[in-house]
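Everything below belongs to query_0.cif, which stores mmCIF, N, CA and C atoms.
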```
data_data
#
loop_
_atom_site.label_atom_id
_atom_site.label_comp_id
_atom_site.auth_asym_id
_atom_site.auth_seq_id
_atom_site.Cartn_x
_atom_site.Cartn_y
_atom_site.Cartn_z
N MET A 1 9.80 3.23 26.26
CA MET A 1 8.92 2.08 26.12
C MET A 1 7.88 2.36 25.03
N THR A 2 7.70 1.44 24.12
CA THR A 2 6.75 1.59 23.02
C THR A 2 5.35 1.22 23.50
N ARG A 3 4.39 2.07 23.17
CA ARG A 3 3.00 1.80 23.55
C ARG A 3 2.36 0.85 22.55
N LEU A 4 1.55 -0.02 23.05
CA LEU A 4 0.76 -0.93 22.24
C LEU A 4 -0.17 -0.14 21.34
N VAL A 5 -0.47 -0.69 20.17
CA VAL A 5 -1.40 -0.05 19.24
C VAL A 5 -2.61 -0.96 19.07
N LYS A 6 -3.80 -0.37 19.15
CA LYS A 6 -5.04 -1.12 18.94
C LYS A 6 -5.88 -0.41 17.89
N ARG A 7 -6.87 -1.15 17.40
CA ARG A 7 -7.78 -0.62 16.39
C ARG A 7 -9.17 -0.41 16.99
N VAL A 8 -9.99 0.34 16.28
CA VAL A 8 -11.35 0.63 16.72
C VAL A 8 -12.13 -0.67 16.95
N ALA A 9 -12.01 -1.61 16.05
CA ALA A 9 -12.77 -2.86 16.13
C ALA A 9 -12.43 -3.68 17.37
N ASP A 10 -11.26 -3.45 17.96
CA ASP A 10 -10.85 -4.23 19.14
C ASP A 10 -11.70 -3.96 20.37
N SER A 11 -12.38 -2.81 20.41
CA SER A 11 -13.14 -2.46 21.61
C SER A 11 -14.60 -2.10 21.33
N TYR A 12 -15.04 -2.27 20.09
CA TYR A 12 -16.42 -1.95 19.71
C TYR A 12 -17.40 -2.66 20.64
N THR A 13 -18.44 -1.95 21.05
CA THR A 13 -19.40 -2.50 22.01
C THR A 13 -20.82 -2.11 21.62
N GLU A 14 -21.75 -3.03 21.78
CA GLU A 14 -23.18 -2.75 21.58
C GLU A 14 -23.95 -3.19 22.81
N GLN A 15 -24.98 -2.42 23.13
CA GLN A 15 -25.93 -2.78 24.19
C GLN A 15 -27.33 -2.60 23.62
N VAL A 16 -28.22 -3.52 23.94
CA VAL A 16 -29.60 -3.45 23.45
C VAL A 16 -30.56 -3.44 24.64
N GLN A 17 -31.56 -2.57 24.57
CA GLN A 17 -32.59 -2.47 25.60
C GLN A 17 -33.96 -2.46 24.94
N ILE A 18 -34.93 -3.11 25.55
CA ILE A 18 -36.34 -2.91 25.19
C ILE A 18 -36.90 -2.00 26.27
N LEU A 19 -37.43 -0.86 25.86
CA LEU A 19 -37.84 0.15 26.83
C LEU A 19 -39.13 -0.25 27.54
N THR A 20 -39.13 -0.05 28.85
CA THR A 20 -40.28 -0.38 29.69
C THR A 20 -40.82 0.90 30.34
N GLN A 21 -41.98 0.79 30.93
CA GLN A 21 -42.62 1.94 31.57
C GLN A 21 -41.71 2.56 32.63
N GLY A 22 -40.92 1.75 33.30
CA GLY A 22 -40.04 2.24 34.36
C GLY A 22 -38.92 3.15 33.88
N THR A 23 -38.69 3.21 32.57
CA THR A 23 -37.62 4.06 32.03
C THR A 23 -38.17 5.35 31.41
N MET A 24 -39.47 5.59 31.58
CA MET A 24 -40.11 6.75 30.95
C MET A 24 -40.17 7.93 31.91
N ASN A 25 -40.21 9.14 31.35
CA ASN A 25 -40.39 10.35 32.15
C ASN A 25 -41.88 10.71 32.18
N GLY A 26 -42.20 11.87 32.71
CA GLY A 26 -43.59 12.30 32.83
C GLY A 26 -44.29 12.54 31.50
N TYR A 27 -43.56 12.64 30.44
CA TYR A 27 -44.13 12.83 29.10
C TYR A 27 -44.18 11.53 28.30
N ASN A 28 -43.97 10.41 29.00
CA ASN A 28 -43.98 9.07 28.39
C ASN A 28 -42.93 8.91 27.29
N ARG A 29 -41.81 9.57 27.48
CA ARG A 29 -40.63 9.40 26.63
C ARG A 29 -39.50 8.86 27.50
N LEU A 30 -38.49 8.28 26.86
CA LEU A 30 -37.35 7.77 27.61
C LEU A 30 -36.74 8.88 28.45
N PHE A 31 -36.55 8.61 29.73
CA PHE A 31 -35.95 9.54 30.67
C PHE A 31 -34.49 9.76 30.26
N GLY A 32 -34.09 11.01 30.03
CA GLY A 32 -32.74 11.32 29.58
C GLY A 32 -31.66 10.83 30.52
N GLY A 33 -31.92 10.88 31.81
CA GLY A 33 -30.94 10.39 32.80
C GLY A 33 -30.69 8.90 32.67
N GLN A 34 -31.74 8.14 32.34
CA GLN A 34 -31.58 6.71 32.14
C GLN A 34 -30.70 6.44 30.93
N LEU A 35 -30.97 7.18 29.84
CA LEU A 35 -30.16 7.01 28.64
C LEU A 35 -28.71 7.38 28.93
N LEU A 36 -28.49 8.45 29.66
CA LEU A 36 -27.14 8.87 30.00
C LEU A 36 -26.40 7.78 30.79
N GLN A 37 -27.10 7.12 31.71
CA GLN A 37 -26.49 6.02 32.46
C GLN A 37 -26.07 4.89 31.52
N TRP A 38 -26.94 4.49 30.60
CA TRP A 38 -26.60 3.42 29.68
C TRP A 38 -25.43 3.81 28.78
N ILE A 39 -25.42 5.06 28.32
CA ILE A 39 -24.33 5.54 27.47
C ILE A 39 -23.01 5.51 28.24
N ASP A 40 -23.03 5.95 29.48
CA ASP A 40 -21.82 5.96 30.31
C ASP A 40 -21.27 4.54 30.48
N ILE A 41 -22.15 3.58 30.65
CA ILE A 41 -21.72 2.18 30.80
C ILE A 41 -21.09 1.68 29.51
N VAL A 42 -21.73 1.95 28.37
CA VAL A 42 -21.17 1.51 27.09
C VAL A 42 -19.81 2.16 26.85
N ALA A 43 -19.70 3.46 27.13
CA ALA A 43 -18.43 4.16 26.96
C ALA A 43 -17.34 3.55 27.85
N ALA A 44 -17.71 3.22 29.08
CA ALA A 44 -16.74 2.61 30.00
C ALA A 44 -16.29 1.25 29.51
N VAL A 45 -17.20 0.45 28.97
CA VAL A 45 -16.81 -0.87 28.46
C VAL A 45 -15.85 -0.71 27.29
N VAL A 46 -16.14 0.21 26.37
CA VAL A 46 -15.23 0.46 25.25
C VAL A 46 -13.85 0.84 25.77
N ALA A 47 -13.81 1.78 26.71
CA ALA A 47 -12.53 2.26 27.25
C ALA A 47 -11.78 1.15 27.99
N ARG A 48 -12.49 0.32 28.75
CA ARG A 48 -11.85 -0.80 29.45
C ARG A 48 -11.29 -1.80 28.47
N ARG A 49 -12.04 -2.08 27.41
CA ARG A 49 -11.56 -3.03 26.40
C ARG A 49 -10.33 -2.49 25.67
N HIS A 50 -10.31 -1.18 25.43
CA HIS A 50 -9.15 -0.60 24.74
C HIS A 50 -7.93 -0.56 25.65
N SER A 51 -8.12 -0.13 26.89
CA SER A 51 -6.99 0.11 27.79
C SER A 51 -6.59 -1.09 28.64
N ASN A 52 -7.49 -2.06 28.77
CA ASN A 52 -7.30 -3.18 29.69
C ASN A 52 -7.08 -2.67 31.12
N ARG A 53 -7.78 -1.60 31.44
CA ARG A 53 -7.67 -0.96 32.75
C ARG A 53 -9.05 -0.55 33.24
N ASN A 54 -9.15 -0.28 34.54
CA ASN A 54 -10.33 0.40 35.04
C ASN A 54 -10.27 1.83 34.52
N VAL A 55 -11.43 2.44 34.40
CA VAL A 55 -11.50 3.78 33.82
C VAL A 55 -12.45 4.65 34.63
N THR A 56 -12.35 5.94 34.40
CA THR A 56 -13.30 6.89 34.98
C THR A 56 -13.71 7.87 33.91
N THR A 57 -14.93 8.37 34.03
CA THR A 57 -15.41 9.39 33.10
C THR A 57 -14.81 10.73 33.49
N ALA A 58 -14.10 11.37 32.55
CA ALA A 58 -13.47 12.66 32.80
C ALA A 58 -14.33 13.81 32.28
N ALA A 59 -15.03 13.56 31.16
CA ALA A 59 -15.83 14.64 30.57
C ALA A 59 -16.88 14.05 29.64
N ILE A 60 -17.96 14.76 29.53
CA ILE A 60 -18.95 14.48 28.50
C ILE A 60 -18.85 15.67 27.56
N ASP A 61 -18.31 15.42 26.37
CA ASP A 61 -18.00 16.51 25.46
C ASP A 61 -19.18 16.89 24.59
N GLY A 62 -20.08 15.98 24.36
CA GLY A 62 -21.24 16.29 23.55
C GLY A 62 -22.32 15.26 23.81
N LEU A 63 -23.54 15.72 23.83
CA LEU A 63 -24.68 14.82 24.03
C LEU A 63 -25.85 15.48 23.32
N SER A 64 -26.21 14.98 22.15
CA SER A 64 -27.27 15.63 21.38
C SER A 64 -28.41 14.67 21.11
N PHE A 65 -29.63 15.14 21.39
CA PHE A 65 -30.84 14.35 21.18
C PHE A 65 -31.49 14.80 19.88
N SER A 66 -31.77 13.84 19.00
CA SER A 66 -32.43 14.18 17.74
C SER A 66 -33.73 13.41 17.55
N GLY A 67 -34.19 12.74 18.59
CA GLY A 67 -35.43 12.00 18.50
C GLY A 67 -35.81 11.43 19.85
N ALA A 68 -37.05 11.03 19.97
CA ALA A 68 -37.56 10.48 21.23
C ALA A 68 -37.66 8.97 21.12
N ALA A 69 -37.75 8.32 22.29
CA ALA A 69 -37.94 6.88 22.37
C ALA A 69 -39.10 6.63 23.33
N TYR A 70 -39.89 5.60 23.03
CA TYR A 70 -41.12 5.32 23.77
C TYR A 70 -41.15 3.88 24.27
N VAL A 71 -42.12 3.60 25.15
CA VAL A 71 -42.30 2.25 25.68
C VAL A 71 -42.36 1.23 24.54
N ASN A 72 -41.66 0.14 24.72
CA ASN A 72 -41.61 -1.01 23.82
C ASN A 72 -40.68 -0.78 22.62
N ASP A 73 -40.04 0.39 22.52
CA ASP A 73 -39.03 0.58 21.48
C ASP A 73 -37.81 -0.28 21.81
N THR A 74 -37.13 -0.75 20.78
CA THR A 74 -35.85 -1.43 20.95
C THR A 74 -34.76 -0.38 20.75
N LEU A 75 -33.95 -0.21 21.76
CA LEU A 75 -32.88 0.78 21.74
C LEU A 75 -31.55 0.06 21.53
N VAL A 76 -30.74 0.53 20.59
CA VAL A 76 -29.43 -0.05 20.33
C VAL A 76 -28.38 1.03 20.55
N LEU A 77 -27.45 0.78 21.46
CA LEU A 77 -26.35 1.71 21.73
C LEU A 77 -25.08 1.11 21.15
N LYS A 78 -24.40 1.87 20.29
CA LYS A 78 -23.17 1.41 19.64
C LYS A 78 -22.03 2.30 20.10
N GLY A 79 -21.04 1.70 20.75
CA GLY A 79 -19.92 2.47 21.27
C GLY A 79 -18.62 2.09 20.60
N PHE A 80 -17.81 3.13 20.31
CA PHE A 80 -16.51 2.88 19.68
C PHE A 80 -15.55 4.00 20.03
N ILE A 81 -14.29 3.66 20.07
CA ILE A 81 -13.26 4.64 20.39
C ILE A 81 -12.94 5.46 19.16
N VAL A 82 -12.72 6.75 19.35
CA VAL A 82 -12.41 7.62 18.21
C VAL A 82 -11.04 8.27 18.33
N TYR A 83 -10.48 8.33 19.57
CA TYR A 83 -9.21 9.02 19.74
C TYR A 83 -8.57 8.58 21.05
N THR A 84 -7.24 8.58 21.08
CA THR A 84 -6.52 8.35 22.33
C THR A 84 -5.47 9.43 22.52
N GLY A 85 -5.36 9.86 23.76
CA GLY A 85 -4.24 10.70 24.18
C GLY A 85 -3.25 9.80 24.89
N ARG A 86 -2.52 10.35 25.84
CA ARG A 86 -1.57 9.53 26.58
C ARG A 86 -2.30 8.63 27.59
N THR A 87 -3.24 9.21 28.35
CA THR A 87 -3.98 8.44 29.35
C THR A 87 -5.48 8.48 29.11
N SER A 88 -5.90 9.30 28.15
CA SER A 88 -7.34 9.49 27.92
C SER A 88 -7.78 8.87 26.60
N MET A 89 -9.07 8.63 26.53
CA MET A 89 -9.69 8.05 25.34
C MET A 89 -10.99 8.77 25.09
N GLU A 90 -11.26 9.15 23.84
CA GLU A 90 -12.56 9.70 23.50
C GLU A 90 -13.39 8.59 22.90
N ILE A 91 -14.58 8.42 23.44
CA ILE A 91 -15.49 7.37 23.02
C ILE A 91 -16.75 8.00 22.46
N CYS A 92 -17.22 7.51 21.33
CA CYS A 92 -18.50 7.93 20.76
C CYS A 92 -19.51 6.82 21.02
N VAL A 93 -20.69 7.20 21.50
CA VAL A 93 -21.79 6.25 21.64
C VAL A 93 -22.97 6.82 20.86
N GLN A 94 -23.42 6.04 19.89
CA GLN A 94 -24.58 6.42 19.09
C GLN A 94 -25.75 5.54 19.52
N THR A 95 -26.91 6.18 19.73
CA THR A 95 -28.10 5.47 20.17
C THR A 95 -29.13 5.49 19.06
N TYR A 96 -29.68 4.32 18.79
CA TYR A 96 -30.65 4.14 17.71
C TYR A 96 -31.92 3.51 18.25
N ILE A 97 -33.04 3.81 17.58
CA ILE A 97 -34.27 3.04 17.74
C ILE A 97 -34.26 2.03 16.59
N GLU A 98 -34.44 0.76 16.94
CA GLU A 98 -34.49 -0.30 15.93
C GLU A 98 -35.94 -0.71 15.70
N SER A 99 -36.39 -0.56 14.45
CA SER A 99 -37.77 -0.96 14.13
C SER A 99 -37.85 -2.49 14.09
N LEU A 100 -39.06 -3.00 14.06
CA LEU A 100 -39.23 -4.45 14.00
C LEU A 100 -38.66 -5.04 12.71
N SER A 101 -38.51 -4.21 11.67
CA SER A 101 -37.92 -4.68 10.41
C SER A 101 -36.39 -4.65 10.47
N GLY A 102 -35.82 -4.08 11.55
CA GLY A 102 -34.37 -4.01 11.70
C GLY A 102 -33.76 -2.68 11.29
N GLU A 103 -34.59 -1.76 10.78
CA GLU A 103 -34.08 -0.45 10.38
C GLU A 103 -33.69 0.35 11.61
N LEU A 104 -32.55 1.05 11.53
CA LEU A 104 -32.05 1.84 12.64
C LEU A 104 -32.28 3.33 12.38
N ASN A 105 -32.76 4.04 13.43
CA ASN A 105 -32.97 5.48 13.36
C ASN A 105 -32.17 6.13 14.49
N LEU A 106 -31.14 6.91 14.15
CA LEU A 106 -30.28 7.55 15.14
C LEU A 106 -31.05 8.60 15.94
N ILE A 107 -31.02 8.49 17.29
CA ILE A 107 -31.71 9.47 18.13
C ILE A 107 -30.77 10.22 19.06
N ASN A 108 -29.52 9.75 19.21
CA ASN A 108 -28.62 10.40 20.13
C ASN A 108 -27.18 10.08 19.77
N THR A 109 -26.32 11.08 19.89
CA THR A 109 -24.88 10.90 19.75
C THR A 109 -24.21 11.54 20.95
N ALA A 110 -23.28 10.82 21.56
CA ALA A 110 -22.58 11.34 22.74
C ALA A 110 -21.09 11.06 22.62
N TYR A 111 -20.29 12.00 23.11
CA TYR A 111 -18.84 11.85 23.17
C TYR A 111 -18.40 11.94 24.62
N PHE A 112 -17.72 10.90 25.08
CA PHE A 112 -17.23 10.84 26.45
C PHE A 112 -15.71 10.77 26.43
N VAL A 113 -15.09 11.45 27.39
CA VAL A 113 -13.65 11.31 27.59
C VAL A 113 -13.47 10.44 28.82
N MET A 114 -12.78 9.32 28.63
CA MET A 114 -12.52 8.38 29.72
C MET A 114 -11.01 8.36 29.98
N VAL A 115 -10.62 8.17 31.24
CA VAL A 115 -9.21 8.10 31.61
C VAL A 115 -8.95 6.73 32.23
N ALA A 116 -7.86 6.10 31.78
CA ALA A 116 -7.45 4.80 32.33
C ALA A 116 -6.75 5.02 33.67
N LEU A 117 -7.01 4.11 34.59
CA LEU A 117 -6.46 4.22 35.94
C LEU A 117 -5.56 3.03 36.27
N ASP A 118 -4.46 3.32 36.98
CA ASP A 118 -3.58 2.23 37.43
C ASP A 118 -4.11 1.68 38.76
N GLU A 119 -3.32 0.83 39.39
CA GLU A 119 -3.73 0.18 40.65
C GLU A 119 -3.94 1.18 41.78
N ASN A 120 -3.33 2.37 41.67
CA ASN A 120 -3.47 3.41 42.69
C ASN A 120 -4.48 4.49 42.30
N GLU A 121 -5.29 4.17 41.28
CA GLU A 121 -6.30 5.07 40.75
C GLU A 121 -5.72 6.37 40.21
N LYS A 122 -4.52 6.28 39.66
CA LYS A 122 -3.86 7.41 39.00
C LYS A 122 -3.91 7.18 37.50
N PRO A 123 -4.00 8.26 36.70
CA PRO A 123 -4.01 8.08 35.24
C PRO A 123 -2.79 7.30 34.76
N THR A 124 -3.02 6.42 33.80
CA THR A 124 -1.96 5.56 33.28
C THR A 124 -2.06 5.50 31.76
N PRO A 125 -0.93 5.34 31.06
CA PRO A 125 -0.95 5.34 29.59
C PRO A 125 -1.86 4.26 29.01
N VAL A 126 -2.44 4.60 27.85
CA VAL A 126 -3.32 3.68 27.12
C VAL A 126 -2.68 3.34 25.78
N PRO A 127 -3.08 2.23 25.16
CA PRO A 127 -2.59 1.93 23.82
C PRO A 127 -2.97 3.04 22.84
N MET A 128 -2.12 3.26 21.87
CA MET A 128 -2.44 4.23 20.82
C MET A 128 -3.54 3.64 19.94
N LEU A 129 -4.25 4.50 19.23
CA LEU A 129 -5.31 4.07 18.34
C LEU A 129 -4.82 4.17 16.90
N GLU A 130 -5.05 3.11 16.15
CA GLU A 130 -4.72 3.09 14.72
C GLU A 130 -6.02 3.10 13.92
N PRO A 131 -6.46 4.29 13.46
CA PRO A 131 -7.65 4.32 12.62
C PRO A 131 -7.35 3.65 11.28
N VAL A 132 -8.29 2.82 10.81
CA VAL A 132 -8.06 2.05 9.59
C VAL A 132 -8.89 2.58 8.43
N THR A 133 -10.19 2.71 8.64
CA THR A 133 -11.08 3.12 7.55
C THR A 133 -11.07 4.64 7.40
N ASP A 134 -11.57 5.11 6.27
CA ASP A 134 -11.68 6.55 6.06
C ASP A 134 -12.55 7.20 7.13
N GLU A 135 -13.64 6.53 7.51
CA GLU A 135 -14.54 7.04 8.54
C GLU A 135 -13.81 7.14 9.89
N GLU A 136 -13.04 6.12 10.24
CA GLU A 136 -12.28 6.15 11.49
C GLU A 136 -11.24 7.27 11.48
N LYS A 137 -10.60 7.48 10.35
CA LYS A 137 -9.61 8.56 10.22
C LYS A 137 -10.28 9.93 10.35
N ARG A 138 -11.46 10.08 9.74
CA ARG A 138 -12.19 11.33 9.84
C ARG A 138 -12.59 11.60 11.29
N ARG A 139 -13.11 10.58 11.97
CA ARG A 139 -13.52 10.74 13.37
C ARG A 139 -12.31 11.08 14.25
N PHE A 140 -11.16 10.47 13.98
CA PHE A 140 -9.94 10.73 14.73
C PHE A 140 -9.55 12.21 14.60
N GLU A 141 -9.60 12.73 13.37
CA GLU A 141 -9.26 14.14 13.12
C GLU A 141 -10.25 15.08 13.80
N GLU A 142 -11.54 14.74 13.75
CA GLU A 142 -12.55 15.56 14.43
C GLU A 142 -12.33 15.56 15.94
N ALA A 143 -11.92 14.41 16.48
CA ALA A 143 -11.66 14.31 17.92
C ALA A 143 -10.47 15.18 18.33
N GLN A 144 -9.49 15.29 17.47
CA GLN A 144 -8.34 16.16 17.76
C GLN A 144 -8.80 17.61 17.91
N ILE A 145 -9.74 18.02 17.09
CA ILE A 145 -10.28 19.37 17.17
C ILE A 145 -11.05 19.55 18.48
N ARG A 146 -11.90 18.57 18.84
CA ARG A 146 -12.64 18.67 20.11
C ARG A 146 -11.67 18.73 21.28
N ARG A 147 -10.61 17.93 21.22
CA ARG A 147 -9.62 17.91 22.30
C ARG A 147 -8.95 19.28 22.45
N ALA A 148 -8.56 19.86 21.34
CA ALA A 148 -7.94 21.19 21.35
C ALA A 148 -8.91 22.22 21.94
N ASN A 149 -10.18 22.12 21.61
CA ASN A 149 -11.19 23.06 22.13
C ASN A 149 -11.40 22.89 23.63
N ARG A 150 -11.25 21.66 24.15
CA ARG A 150 -11.39 21.42 25.58
C ARG A 150 -10.25 22.05 26.37
N LYS A 151 -9.08 22.15 25.74
CA LYS A 151 -7.90 22.69 26.46
C LYS A 151 -7.94 24.15 26.38
#
```
Give the structure from this file in structure tokens form.
Amino acid sequence: MTRLVKRVADSYTEQVQILTQGTMNGYNRLFGGQLLQWIDIVAAVVARRHSNRNVTTAAIDGLSFSGAAYVNDTLVLKGFIVYTGRTSMEICVQTYIESLSGELNLINTAYFVMVALDENEKPTPVPMLEPVTDEEKRRFEEAQIRRANRK
């Protein structure tokens, strides 16, 4: 049976948050656990859109913070698929602070491995990924290296 092929643009997802006091930690910065929850949701939506299945988080392969976020910041999370295995998908979620002028400043990059589930909650095949742009092809190749390192 031939597997369906999809592109990165087919499952691209964005989420936007305006940060409130309730999302801050004791140092008045965005609580990392809150950000992780939002990233996990964005990654799951990307994976569901790609696979047309329910999914589960199998691994968090990378999560790097390069900046802080504060009350009243506009946070933009951009999620996209970078690689597919037989039943797994690697999703990248980049988090930005958006200034009032619209400029984006990257503060976090995360890589999640999601697995598609069938009706019995068992791993099930996902559509293959067809990278189109040079950037998508580069990310696909980098994901192959991360995958090999995980095994």
**Prompt:** Hey, what's within 6.5 Å of range 81-97 of chain A if we count only N, CA and C atoms and toss same-chain stuff fewer than 6 positions away? As a PyMOL selection string, please?
**Reply:** chain A and resi 8+11-12+39+43+46+73-75+103-116+123-129+139-140+143
**Request:** Using all atoms listed in the file, determine which residues lie at most 5 Å from range 18-26 of chain A, disregarding the query and same-chain residues fewer than 2 positions distant; provide the list as number ranges by chain.
**Result:** A: 16, 28-31, 71-75
**Request:** Please give the complete set of residues from range 39-85 of chain A that DSSP, run on the backbone, assigns to helix (DSSP H, G or I), formatted as a ChimeraX atom specification.
**Result:** /A:39-51
Let's have the selection written as a PDB file, in the coordinates of the input, with N, CA and C atoms.
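Wrote again12.pdb, looks like this:
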```pdb
ATOM      1  N   ILE A  39     -25.420   5.060  28.320  1.00  0.00           N
ATOM      2  CA  ILE A  39     -24.330   5.540  27.470  1.00  0.00           C
ATOM      3  C   ILE A  39     -23.010   5.510  28.240  1.00  0.00           C
ATOM      4  N   ASP A  40     -23.030   5.950  29.480  1.00  0.00           N
ATOM      5  CA  ASP A  40     -21.820   5.960  30.310  1.00  0.00           C
ATOM      6  C   ASP A  40     -21.270   4.540  30.480  1.00  0.00           C
ATOM      7  N   ILE A  41     -22.150   3.580  30.650  1.00  0.00           N
ATOM      8  CA  ILE A  41     -21.720   2.180  30.800  1.00  0.00           C
ATOM      9  C   ILE A  41     -21.090   1.680  29.510  1.00  0.00           C
ATOM     10  N   VAL A  42     -21.730   1.950  28.370  1.00  0.00           N
ATOM     11  CA  VAL A  42     -21.170   1.510  27.090  1.00  0.00           C
ATOM     12  C   VAL A  42     -19.810   2.160  26.850  1.00  0.00           C
ATOM     13  N   ALA A  43     -19.700   3.460  27.130  1.00  0.00           N
ATOM     14  CA  ALA A  43     -18.430   4.160  26.960  1.00  0.00           C
ATOM     15  C   ALA A  43     -17.340   3.550  27.850  1.00  0.00           C
ATOM     16  N   ALA A  44     -17.710   3.220  29.080  1.00  0.00           N
ATOM     17  CA  ALA A  44     -16.740   2.610  30.000  1.00  0.00           C
ATOM     18  C   ALA A  44     -16.290   1.250  29.510  1.00  0.00           C
ATOM     19  N   VAL A  45     -17.200   0.450  28.970  1.00  0.00           N
ATOM     20  CA  VAL A  45     -16.810  -0.870  28.460  1.00  0.00           C
ATOM     21  C   VAL A  45     -15.850  -0.710  27.290  1.00  0.00           C
ATOM     22  N   VAL A  46     -16.140   0.210  26.370  1.00  0.00           N
ATOM     23  CA  VAL A  46     -15.230   0.460  25.250  1.00  0.00           C
ATOM     24  C   VAL A  46     -13.850   0.840  25.770  1.00  0.00           C
ATOM     25  N   ALA A  47     -13.810   1.780  26.710  1.00  0.00           N
ATOM     26  CA  ALA A  47     -12.530   2.260  27.250  1.00  0.00           C
ATOM     27  C   ALA A  47     -11.780   1.150  27.990  1.00  0.00           C
ATOM     28  N   ARG A  48     -12.490   0.320  28.750  1.00  0.00           N
ATOM     29  CA  ARG A  48     -11.850  -0.800  29.450  1.00  0.00           C
ATOM     30  C   ARG A  48     -11.290  -1.800  28.470  1.00  0.00           C
ATOM     31  N   ARG A  49     -12.040  -2.080  27.410  1.00  0.00           N
ATOM     32  CA  ARG A  49     -11.560  -3.030  26.400  1.00  0.00           C
ATOM     33  C   ARG A  49     -10.330  -2.490  25.670  1.00  0.00           C
ATOM     34  N   HIS A  50     -10.310  -1.180  25.430  1.00  0.00           N
ATOM     35  CA  HIS A  50      -9.150  -0.600  24.740  1.00  0.00           C
ATOM     36  C   HIS A  50      -7.930  -0.560  25.650  1.00  0.00           C
ATOM     37  N   SER A  51      -8.120  -0.130  26.890  1.00  0.00           N
ATOM     38  CA  SER A  51      -6.990   0.110  27.790  1.00  0.00           C
ATOM     39  C   SER A  51      -6.590  -1.090  28.640  1.00  0.00           C
TER      40      SER A  51
END
```
**Request:** Using DSSP on the backbone coordinates, identify the residues of range 9-114 of chain A assigned to strand (DSSP E or B); present them as a PyMOL selection string.
**Result:** chain A and resi 13-18+24+30+54-65+74-84+88-98+104-114
**Asked** Which residue out of A:Asn120, A:Glu130, A:Glu136, A:Asp10 has the minimum interatomic distance to Asn54 in chain A when only C-alpha atoms are used?
**Response**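 Comparing A:Asn120, A:Glu130, A:Glu136, A:Asp10 against Asn54 in chain A, the winner is A:Asn120.
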**Request:** Would you work out the distance separating CA of Gly67 in chain A from CA of Arg146 in chain A, expressed in Å to one decimal?
**Result:** 23.8 Å
